[in-house]
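Trainee: What follows is a structure written as structure tokens; I'll ask about it next.
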Protein chains: 2
Amino acid sequence: MPKEDGGMPQLKSLYQAMRYACLNPGKRLRPTLCLLCAEAVGGEALAAIEVACAVEMIHCFSLIHDDLPALDNDDLRRGLPSVHKKFGEAVAVLSGDALIGLAFEVLSRAKGKPERVLECLRRLTEAIGVDGLVGGETLDILSEGEVPNREVVQFIHSRKTGALFAASCAAGAAIGGGSAGDVQSLHQYGDELGLAFQITDDLLNQSSSENQLGKSAGSDLAREKMTYPAAFGEDVARDMAMEAVQRAQQYALHVPKMQSELASLALFAVERLS
Amino acid sequence: MPKEDGGMPQLKSLYQAMRYACLNPGKRLRPTLCLLCAEAVGGEALAAIEVACAVEMIHCFSLIHDDLPALDNDDLRRGLPSVHKKFGEAVAVLSGDALIGLAFEVLSRAKGKPERVLECLRRLTEAIGVDGLVGGETLDILSEGEVPNREVVQFIHSRKTGALFAASCAAGAAIGGGSAGDVQSLHQYGDELGLAFQITDDLLNQSSSENQLGKSAGSDLAREKMTYPAAFGEDVARDMAMEAVQRAQQYALHVPKMQSELASLALFAVERLS
């Protein structure tokens with residue numbers, strides 16, 4: 001992460017915005033998964049450090065851009081002003097762009113076999129574009145105000161959350177030296193974990209909105225958003241999250257090591273509900 | 001380039017915006033340089049096709065974002081509505097993001113030795129971040145309204161133009177199998193060509209603004225922008241462009257093949273002035 005101003009004091013806010021977006025208090029779930037999956041296939045966690053850093057920078061880039069006024073228009077992120085509120089919109093757009101460049105620059109210098117690094121590149125880039133973060137966010141924005149629809153909700157969240165979770169796990173396994181089967185199992189594990197995590201987030205957000213607004217679960221307001229509880233109902237959504245955790249745990253059984261750690265992490269996704 | 005809507009009709013505008021930004025009438029100078037430099041080191045142009053596509057997508061991503069209202073606020077690009085004017089700001093931000101993801105996804109599937117592909121990745125990503133497109137654009141925006149300053153002008157344009165020109169040439173040479181010396185010579189060639197090109201663009205833009213506004217060369221208006229003629233004066237800027245072409249031509253002499261083609265392309269940069 002660049003520390004200074006690149007020799008031009010005017011650029012200080014760009015460097016500050018990049019650090020602000022990446023080094024704030026966050027769970028670091030995706031890079032943790034990446035490191036854990038490298039170990040799960042018998043590799044060293046440290047072998048995946050550049051890949052894990054790239055994963056977190058990709059995640060942070062997407063949050064900066066999603067928060068922009070023209071997109072989700074969120075003034076707060078993790079309880080703090082979002083990047084565009086703090087540094088202005090131009091620096092927000094540009095710091096996101098710089099982070100995605102830096103993510104792949106760091107990846108280009110990853111230790112490990114070049115074929116494996118390129119596999120990580122392929123998996124992470126697939127998780128960004130039209131079949132990943134960008135496709136999910138675009139549909140989320142363009143379907144705003146529509147009646148929640150199960151197919152649309154699943155499409156949005158498999159891309160906004162599932163794709164990068166899956167790619168983080170698969171890339172960690174790939175750089176850790178896993179077999180094609182291990183990489184695939186951990187890709188599926190990440191995908192299911194992402195689903196469990198997203199449904200849980202939706203349920204928690206719904207409860208907190210209801211508490212704030214004193215509205216009932218079936219209110220028009222809750223129904224305006226493309227969330228799992230809005231599209232499937234709260235009870236079915238809870239069951240879906242638990243089933244996703246169970247499937248994730250099954251996939252974890254396929255890998256050589258760390259099965260219990262992977263299983264516990266999967267359970268953590270839904271434990272926040274109780 | 002994706003053609004359809006990924007199975008969700010709502011996403012059609014995202015796909016359309018990506019195609020609109022990349023497949024419009026443009027000179028395609030950077031990808032042409034990339035292919036030419038692969039040949040210049042004795043490789044096949046076709047070996048560099050994925051790298052050349054990545055280069056053009058990176059260029060188009062940066063144009064979409066630079067045109068945004070919060071950045072340069074340009075309604076027109078190459079005589080047509082800019083992406084945000086045609087598709088809205090949200091789709092403009094997201095189509096730029098999707099293009100940078102797709103650029104590196106295409107690169108991850110490049111034929112050629114994995115070590116060479118990773119060298120291309122490193123060179124292209126270095127040309128994007130704080131030392132490349134983003135750093136240049138950020139300084140350009142943050143120094144708006146300041147009196148043109150030679151150091152700032154050179155910093156901005158070496159990053160906004162020079163960095164991707166240089167990386168396009170170096171990456172083409174790398175994937176074409178060039179020696180470290182050839183790759184370096186072509187990097188320098190691209191850097192000088194980018195400089196010549198930028199100065200020429202500045203001079204042409206200044207003439208057209210003067211014609212439109214009936215202002216003299218030293219007007220306050222011309223002085224507001226961080227351009228070579230504004231910072232160095234028109235005559236010095238012309239000399240600088242010619243000297244950059246000559247240095248580019250010298251670097252072209254170092255490579256095994258295509259010296260005359262590379263020299264002609266360098267001259268093309270400034271011929272537009274006559």
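Residue numbering restarts at 1 in every chain; chains get A, B, ... in the order shown in the structure tokens, and ligands count up from 1 in that same order.
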Find the residues of chain B in contact range of chain A, meaning any atom within 8 Å when counting only C-alpha atoms, and list them as a ChimeraX atom specification.

Mentor: /B:6,10-11,14,65,70-71,89-91,93-95,97-99,101-102,104-105,108-109,114-115,118-119,121-122,125-126,128-131,134-135,138-139,142-143

Trainee: Using the selection just defined, write its residues with C-alpha atoms as an mmCIF file, in the first residue's frame.

Mentor:
data_model
loop_
_atom_site.group_PDB
_atom_site.id
_atom_site.type_symbol
_atom_site.label_atom_id
_atom_site.label_comp_id
_atom_site.auth_asym_id
_atom_site.auth_seq_id
_atom_site.Cartn_x
_atom_site.Cartn_y
_atom_site.Cartn_z
ATOM 1 C CA GLY B 6 -25.859 -12.597 -19.697
ATOM 2 C CA GLN B 10 -31.893 -5.648 -17.518
ATOM 3 C CA LEU B 11 -28.137 -5.962 -18.096
ATOM 4 C CA LEU B 14 -24.075 -2.689 -19.441
ATOM 5 C CA HIS B 65 -14.078 7.256 -16.067
ATOM 6 C CA ALA B 70 -17.143 14.330 -11.162
ATOM 7 C CA LEU B 71 -13.900 14.156 -13.154
ATOM 8 C CA GLU B 89 -23.548 7.641 -14.746
ATOM 9 C CA ALA B 90 -24.068 4.344 -12.887
ATOM 10 C CA VAL B 91 -23.634 2.254 -16.024
ATOM 11 C CA VAL B 93 -18.801 3.721 -13.745
ATOM 12 C CA LEU B 94 -19.697 0.033 -13.899
ATOM 13 C CA SER B 95 -18.896 -0.501 -17.579
ATOM 14 C CA ASP B 97 -14.987 -1.412 -14.036
ATOM 15 C CA ALA B 98 -16.176 -4.350 -16.148
ATOM 16 C CA LEU B 99 -13.741 -3.432 -18.927
ATOM 17 C CA GLY B 101 -11.793 -6.775 -15.277
ATOM 18 C CA LEU B 102 -12.261 -8.120 -18.798
ATOM 19 C CA PHE B 104 -7.071 -8.822 -17.324
ATOM 20 C CA GLU B 105 -9.362 -11.800 -17.811
ATOM 21 C CA SER B 108 -5.017 -14.374 -18.141
ATOM 22 C CA ARG B 109 -5.923 -16.543 -21.137
ATOM 23 C CA PRO B 114 3.252 -17.816 -18.347
ATOM 24 C CA GLU B 115 6.325 -15.853 -17.191
ATOM 25 C CA LEU B 118 2.939 -12.140 -15.975
ATOM 26 C CA GLU B 119 5.495 -9.610 -17.186
ATOM 27 C CA LEU B 121 0.447 -8.022 -16.350
ATOM 28 C CA ARG B 122 3.057 -6.218 -14.281
ATOM 29 C CA THR B 125 -0.874 -2.638 -14.066
ATOM 30 C CA GLU B 126 2.027 -0.279 -13.332
ATOM 31 C CA ILE B 128 -2.793 2.105 -14.466
ATOM 32 C CA GLY B 129 -2.222 3.021 -10.831
ATOM 33 C CA VAL B 130 -0.719 5.929 -8.940
ATOM 34 C CA ASP B 131 2.328 5.926 -11.243
ATOM 35 C CA VAL B 134 -4.834 7.259 -12.240
ATOM 36 C CA GLY B 135 -1.975 9.325 -10.806
ATOM 37 C CA THR B 138 -5.815 12.784 -10.295
ATOM 38 C CA LEU B 139 -3.139 15.461 -10.507
ATOM 39 C CA LEU B 142 -6.628 18.466 -8.459
ATOM 40 C CA SER B 143 -4.443 21.117 -10.111
#

Trainee: Can you tell me which residues surround stretch 198-204 of chain B at a distance of at most 9 Å, considering only C-alpha atoms, apart from same-chain residues fewer than 3 positions away, and format the answer as a list in words?

Mentor: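 So, after excluding close chain neighbours, the residues are His157, Thr161, Gly162, Leu193, Gly194, Leu195, Ser207, Ser208, Ser209, Thr227, Tyr228, Pro229, Ala230, Glu234, Ala237, Arg238, Met240, Ala241, Ala269, Val270, Glu271, Arg272 and Leu273 of chain B.
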
Trainee: Residues as selected, N, CA and C atoms, written as a short mmCIF file (atom, residue, chain, number, x, y, z; two decimals), in the first residue's frame, can you do that?

Mentor:
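Result went into again17.cif, see below:
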data_model
loop_
_atom_site.label_atom_id
_atom_site.label_comp_id
_atom_site.auth_asym_id
_atom_site.auth_seq_id
_atom_site.Cartn_x
_atom_site.Cartn_y
_atom_site.Cartn_z
N HIS B 157 1.37 14.23 -17.83
CA HIS B 157 1.28 13.59 -19.13
C HIS B 157 2.19 12.37 -19.26
N THR B 161 -0.45 9.66 -20.49
CA THR B 161 -0.24 9.20 -21.86
C THR B 161 0.98 8.30 -21.96
N GLY B 162 2.12 8.79 -21.46
CA GLY B 162 3.38 8.06 -21.63
C GLY B 162 3.35 6.66 -21.06
N LEU B 193 7.22 8.33 -27.74
CA LEU B 193 6.13 8.49 -28.70
C LEU B 193 4.90 9.07 -27.99
N GLY B 194 4.65 8.60 -26.78
CA GLY B 194 3.52 9.13 -26.01
C GLY B 194 3.68 10.62 -25.76
N LEU B 195 4.91 11.01 -25.42
CA LEU B 195 5.18 12.43 -25.19
C LEU B 195 4.93 13.25 -26.45
N SER B 207 -5.02 25.21 -30.96
CA SER B 207 -5.38 25.91 -32.20
C SER B 207 -6.88 25.88 -32.39
N SER B 208 -7.51 24.72 -32.12
CA SER B 208 -8.94 24.67 -32.39
C SER B 208 -9.71 25.54 -31.40
N SER B 209 -9.25 25.62 -30.12
CA SER B 209 -9.93 26.51 -29.17
C SER B 209 -9.78 27.96 -29.60
N THR B 227 -1.22 22.21 -20.03
CA THR B 227 -0.80 21.68 -21.32
C THR B 227 0.64 22.11 -21.60
N TYR B 228 1.28 21.42 -22.55
CA TYR B 228 2.65 21.77 -22.91
C TYR B 228 2.75 23.19 -23.48
N PRO B 229 1.90 23.58 -24.44
CA PRO B 229 2.04 24.96 -24.93
C PRO B 229 1.78 25.99 -23.83
N ALA B 230 0.86 25.70 -22.89
CA ALA B 230 0.60 26.66 -21.82
C ALA B 230 1.79 26.79 -20.89
N GLU B 234 4.36 27.85 -27.23
CA GLU B 234 4.06 27.01 -28.38
C GLU B 234 5.33 26.56 -29.13
N ALA B 237 7.25 23.94 -27.20
CA ALA B 237 6.48 22.69 -27.21
C ALA B 237 6.66 21.94 -28.53
N ARG B 238 6.62 22.69 -29.64
CA ARG B 238 6.85 22.06 -30.96
C ARG B 238 8.22 21.41 -31.02
N MET B 240 9.99 20.36 -28.52
CA MET B 240 10.00 19.19 -27.62
C MET B 240 9.38 17.97 -28.29
N ALA B 241 8.30 18.20 -29.04
CA ALA B 241 7.65 17.08 -29.73
C ALA B 241 8.59 16.47 -30.76
N ALA B 269 3.10 10.83 -35.25
CA ALA B 269 2.63 11.55 -34.06
C ALA B 269 2.65 13.06 -34.28
N VAL B 270 3.69 13.54 -34.96
CA VAL B 270 3.81 15.00 -35.12
C VAL B 270 3.37 15.49 -36.50
N GLU B 271 3.23 14.59 -37.46
CA GLU B 271 2.85 15.02 -38.81
C GLU B 271 1.49 15.69 -38.84
N ARG B 272 0.67 15.34 -37.85
CA ARG B 272 -0.66 15.97 -37.78
C ARG B 272 -0.57 17.48 -37.61
N LEU B 273 0.61 17.97 -37.19
CA LEU B 273 0.77 19.42 -36.97
C LEU B 273 0.95 20.19 -38.27
#

Trainee: For B:Arg28, find every residue with an atom within 10 Å (counting only C-alpha atoms), except residues of its own chain fewer than 3 positions away, and show them as a list of chain:residue names.

Mentor: B:Cys22, B:Leu23, B:Asn24, B:Pro25, B:Pro31, B:Thr32, B:Leu33, B:Ala52, B:Cys53, B:Val55, B:Glu56, B:His59

Trainee: Compare A:Gln16, A:Gln250, A:Ser260, A:Asn149 by their minimum atom-to-atom distance to A:Lys225, counting only C-alpha atoms, and give me the closest one.

Mentor: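 Closest candidate: A:Asn149.
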
Trainee: Determine which residues of stretch 22-227 of chain A DSSP labels as alpha helix (DSSP H) from the backbone of this structure, then write them out as JSON, numbers by chain.

Mentor: {"A": [22, 29, 30, 31, 32, 33, 34, 35, 36, 37, 38, 39, 40, 49, 50, 51, 52, 53, 54, 55, 56, 57, 58, 59, 60, 61, 62, 63, 64, 65, 66, 67, 83, 84, 85, 86, 87, 89, 90, 91, 92, 93, 94, 95, 96, 97, 98, 99, 100, 101, 102, 103, 104, 105, 106, 107, 108, 114, 115, 116, 117, 118, 119, 120, 121, 122, 123, 124, 125, 126, 133, 134, 135, 136, 137, 138, 139, 140, 141, 142, 150, 151, 152, 153, 154, 155, 156, 157, 163, 164, 165, 166, 167, 168, 169, 170, 171, 172, 173, 174, 175, 180, 181, 182, 183, 184, 185, 186, 187, 188, 189, 190, 191, 192, 193, 194, 195, 196, 197, 198, 199, 200, 201, 202, 203, 204, 205, 206, 207, 208, 209, 210, 211, 212, 213, 220, 221, 222, 223]}

Trainee: Keeping C-alpha atoms, export the residues of the selection given above as a short mmCIF file (atom, residue, chain, number, x, y, z; two decimals), in the first residue's frame.

Mentor:
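As written to disk, result-v5.cif reads:
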data_model
loop_
_atom_site.label_atom_id
_atom_site.label_comp_id
_atom_site.auth_asym_id
_atom_site.auth_seq_id
_atom_site.Cartn_x
_atom_site.Cartn_y
_atom_site.Cartn_z
CA CYS A 22 -8.49 -0.76 2.72
CA LEU A 29 -13.13 -12.44 5.60
CA ARG A 30 -12.18 -12.90 1.95
CA PRO A 31 -8.40 -12.72 2.42
CA THR A 32 -8.70 -14.95 5.50
CA LEU A 33 -10.53 -17.52 3.40
CA CYS A 34 -7.83 -17.24 0.75
CA LEU A 35 -5.02 -17.96 3.23
CA LEU A 36 -6.98 -20.75 4.92
CA CYS A 37 -7.68 -22.45 1.60
CA ALA A 38 -3.97 -22.38 0.71
CA GLU A 39 -3.36 -24.28 3.95
CA ALA A 40 -6.32 -26.58 3.37
CA ILE A 49 -0.27 -13.54 0.85
CA GLU A 50 -0.12 -11.56 -2.41
CA VAL A 51 -3.29 -13.25 -3.64
CA ALA A 52 -5.02 -12.47 -0.33
CA CYS A 53 -3.97 -8.80 -0.57
CA ALA A 54 -5.28 -8.66 -4.14
CA VAL A 55 -8.60 -10.14 -3.00
CA GLU A 56 -9.05 -7.51 -0.28
CA MET A 57 -8.14 -4.65 -2.63
CA ILE A 58 -10.67 -5.91 -5.19
CA HIS A 59 -13.31 -6.05 -2.45
CA CYS A 60 -12.48 -2.50 -1.30
CA PHE A 61 -12.44 -1.12 -4.85
CA SER A 62 -15.96 -2.48 -5.37
CA LEU A 63 -17.21 -0.97 -2.10
CA ILE A 64 -15.86 2.49 -2.98
CA HIS A 65 -17.57 2.48 -6.36
CA ASP A 66 -20.83 0.91 -5.11
CA ASP A 67 -21.16 3.67 -2.49
CA VAL A 83 -14.75 7.45 0.55
CA HIS A 84 -16.59 9.97 -1.61
CA LYS A 85 -17.99 11.74 1.47
CA LYS A 86 -14.51 12.08 2.91
CA PHE A 87 -12.38 12.71 -0.19
CA GLU A 89 -16.30 11.96 -5.78
CA ALA A 90 -13.38 12.35 -8.19
CA VAL A 91 -10.86 10.90 -5.75
CA ALA A 92 -13.35 8.14 -4.87
CA VAL A 93 -13.66 7.00 -8.48
CA LEU A 94 -9.91 7.26 -8.99
CA SER A 95 -8.86 5.57 -5.74
CA GLY A 96 -11.09 2.61 -6.65
CA ASP A 97 -9.43 2.45 -10.05
CA ALA A 98 -5.97 2.67 -8.48
CA LEU A 99 -6.82 -0.15 -6.06
CA ILE A 100 -7.88 -2.53 -8.79
CA GLY A 101 -4.66 -1.73 -10.65
CA LEU A 102 -2.63 -2.27 -7.48
CA ALA A 103 -4.46 -5.54 -6.75
CA PHE A 104 -3.27 -7.05 -10.02
CA GLU A 105 0.15 -5.42 -9.79
CA VAL A 106 0.66 -7.15 -6.43
CA LEU A 107 -0.65 -10.38 -7.96
CA SER A 108 1.82 -10.08 -10.85
CA PRO A 114 3.52 -18.63 -12.95
CA GLU A 115 0.80 -21.02 -14.21
CA ARG A 116 -0.78 -20.93 -10.76
CA VAL A 117 -0.57 -17.14 -10.54
CA LEU A 118 -2.31 -16.91 -13.91
CA GLU A 119 -5.03 -19.25 -12.66
CA CYS A 120 -5.56 -16.86 -9.73
CA LEU A 121 -5.73 -13.95 -12.18
CA ARG A 122 -8.35 -15.73 -14.24
CA ARG A 123 -10.48 -16.64 -11.24
CA LEU A 124 -10.31 -13.18 -9.67
CA THR A 125 -11.05 -11.33 -12.92
CA GLU A 126 -14.04 -13.59 -13.63
CA LEU A 133 -19.29 -7.94 -8.88
CA VAL A 134 -20.11 -5.57 -11.73
CA GLY A 135 -22.93 -7.69 -13.18
CA GLY A 136 -24.48 -8.10 -9.73
CA GLU A 137 -24.24 -4.42 -8.82
CA THR A 138 -25.60 -3.33 -12.20
CA LEU A 139 -28.66 -5.55 -11.89
CA ASP A 140 -29.15 -4.43 -8.29
CA ILE A 141 -29.24 -0.79 -9.38
CA LEU A 142 -31.25 -1.25 -12.55
CA ARG A 150 -36.44 -14.74 -6.61
CA GLU A 151 -34.50 -15.20 -9.82
CA VAL A 152 -33.22 -11.61 -9.76
CA VAL A 153 -32.23 -11.80 -6.06
CA GLN A 154 -30.28 -15.00 -6.66
CA PHE A 155 -28.62 -13.58 -9.77
CA ILE A 156 -27.57 -10.38 -7.96
CA HIS A 157 -26.13 -12.00 -4.87
CA ALA A 163 -18.39 -14.86 -6.99
CA LEU A 164 -15.61 -13.17 -4.99
CA PHE A 165 -16.01 -15.55 -2.02
CA ALA A 166 -15.67 -18.49 -4.40
CA ALA A 167 -12.74 -16.95 -6.27
CA SER A 168 -10.93 -16.08 -3.02
CA CYS A 169 -11.11 -19.70 -1.90
CA ALA A 170 -10.26 -21.17 -5.29
CA ALA A 171 -7.34 -18.79 -5.84
CA GLY A 172 -5.96 -19.56 -2.36
CA ALA A 173 -6.20 -23.28 -3.13
CA ALA A 174 -4.61 -22.81 -6.55
CA ILE A 175 -1.61 -20.84 -5.28
CA ALA A 180 -7.91 -29.40 -9.71
CA GLY A 181 -10.44 -31.28 -7.56
CA ASP A 182 -9.42 -29.44 -4.37
CA VAL A 183 -9.59 -26.08 -6.12
CA GLN A 184 -13.06 -26.90 -7.40
CA SER A 185 -14.29 -28.11 -3.98
CA LEU A 186 -13.08 -24.91 -2.35
CA HIS A 187 -14.63 -22.80 -5.09
CA GLN A 188 -17.97 -24.44 -4.27
CA TYR A 189 -17.31 -24.05 -0.54
CA GLY A 190 -16.76 -20.31 -1.04
CA ASP A 191 -19.83 -19.96 -3.20
CA GLU A 192 -22.07 -21.57 -0.54
CA LEU A 193 -20.43 -19.59 2.24
CA GLY A 194 -21.02 -16.37 0.30
CA LEU A 195 -24.69 -17.27 -0.07
CA ALA A 196 -25.05 -18.03 3.66
CA PHE A 197 -23.29 -14.78 4.48
CA GLN A 198 -25.44 -12.67 2.15
CA ILE A 199 -28.74 -14.11 3.40
CA THR A 200 -27.60 -13.52 6.99
CA ASP A 201 -26.65 -9.93 6.16
CA ASP A 202 -30.05 -9.39 4.54
CA LEU A 203 -31.83 -10.78 7.62
CA LEU A 204 -29.76 -8.65 10.00
CA ASN A 205 -30.27 -5.50 7.90
CA GLN A 206 -34.00 -6.15 7.78
CA SER A 207 -34.23 -6.49 11.57
CA SER A 208 -32.26 -3.32 12.11
CA SER A 209 -34.41 -1.36 9.59
CA GLU A 210 -37.58 -2.63 11.25
CA ASN A 211 -36.30 -1.66 14.66
CA GLN A 212 -35.43 1.79 13.40
CA LEU A 213 -38.65 2.38 11.53
CA ASP A 220 -43.77 -1.99 1.39
CA LEU A 221 -40.40 -0.55 2.37
CA ALA A 222 -38.85 -3.94 3.08
CA ARG A 223 -40.28 -5.26 -0.18
#

Trainee: To test your reading of the structure, identify every residue in stretch 11-129 of chain A that backbone DSSP assigns to strand (DSSP E or B), and report it as an mmCIF file with N, CA, C and O atoms, in the first residue's frame.

Mentor:
data_model
loop_
_atom_site.group_PDB
_atom_site.id
_atom_site.type_symbol
_atom_site.label_atom_id
_atom_site.label_comp_id
_atom_site.auth_asym_id
_atom_site.auth_seq_id
_atom_site.Cartn_x
_atom_site.Cartn_y
_atom_site.Cartn_z
ATOM 1 N N LEU A 76 -22.333 6.296 4.411
ATOM 2 C CA LEU A 76 -21.591 5.619 5.481
ATOM 3 C C LEU A 76 -21.167 4.228 5.029
ATOM 4 O O LEU A 76 -21.881 3.546 4.279
ATOM 5 N N ARG A 77 -20.027 3.805 5.534
ATOM 6 C CA ARG A 77 -19.519 2.457 5.274
ATOM 7 C C ARG A 77 -18.856 2.023 6.572
ATOM 8 O O ARG A 77 -17.931 2.684 7.043
ATOM 9 N N LEU A 80 -18.388 4.684 9.212
ATOM 10 C CA LEU A 80 -17.548 5.858 8.930
ATOM 11 C C LEU A 80 -17.995 6.477 7.603
ATOM 12 O O LEU A 80 -18.641 5.807 6.798
ATOM 13 N N PRO A 81 -17.638 7.744 7.361
ATOM 14 C CA PRO A 81 -18.006 8.336 6.070
ATOM 15 C C PRO A 81 -17.439 7.498 4.917
ATOM 16 O O PRO A 81 -16.292 7.032 4.997
#

Trainee: As an exercise, work out the distance from atom CA of A:Arg19 to atom CA of A:Ser82 in Å and give it to one decimal place.

Mentor: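 Interatomic distance, atom CA of A:Arg19 to atom CA of A:Ser82: 12.7 Å.
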
Trainee: What does the distance from atom CA of A:Val245 to atom CA of A:Ala266 come to in Å, to one decimal?

Mentor: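 Computed distance, atom CA of A:Val245 to atom CA of A:Ala266, equals 5.6 Å.
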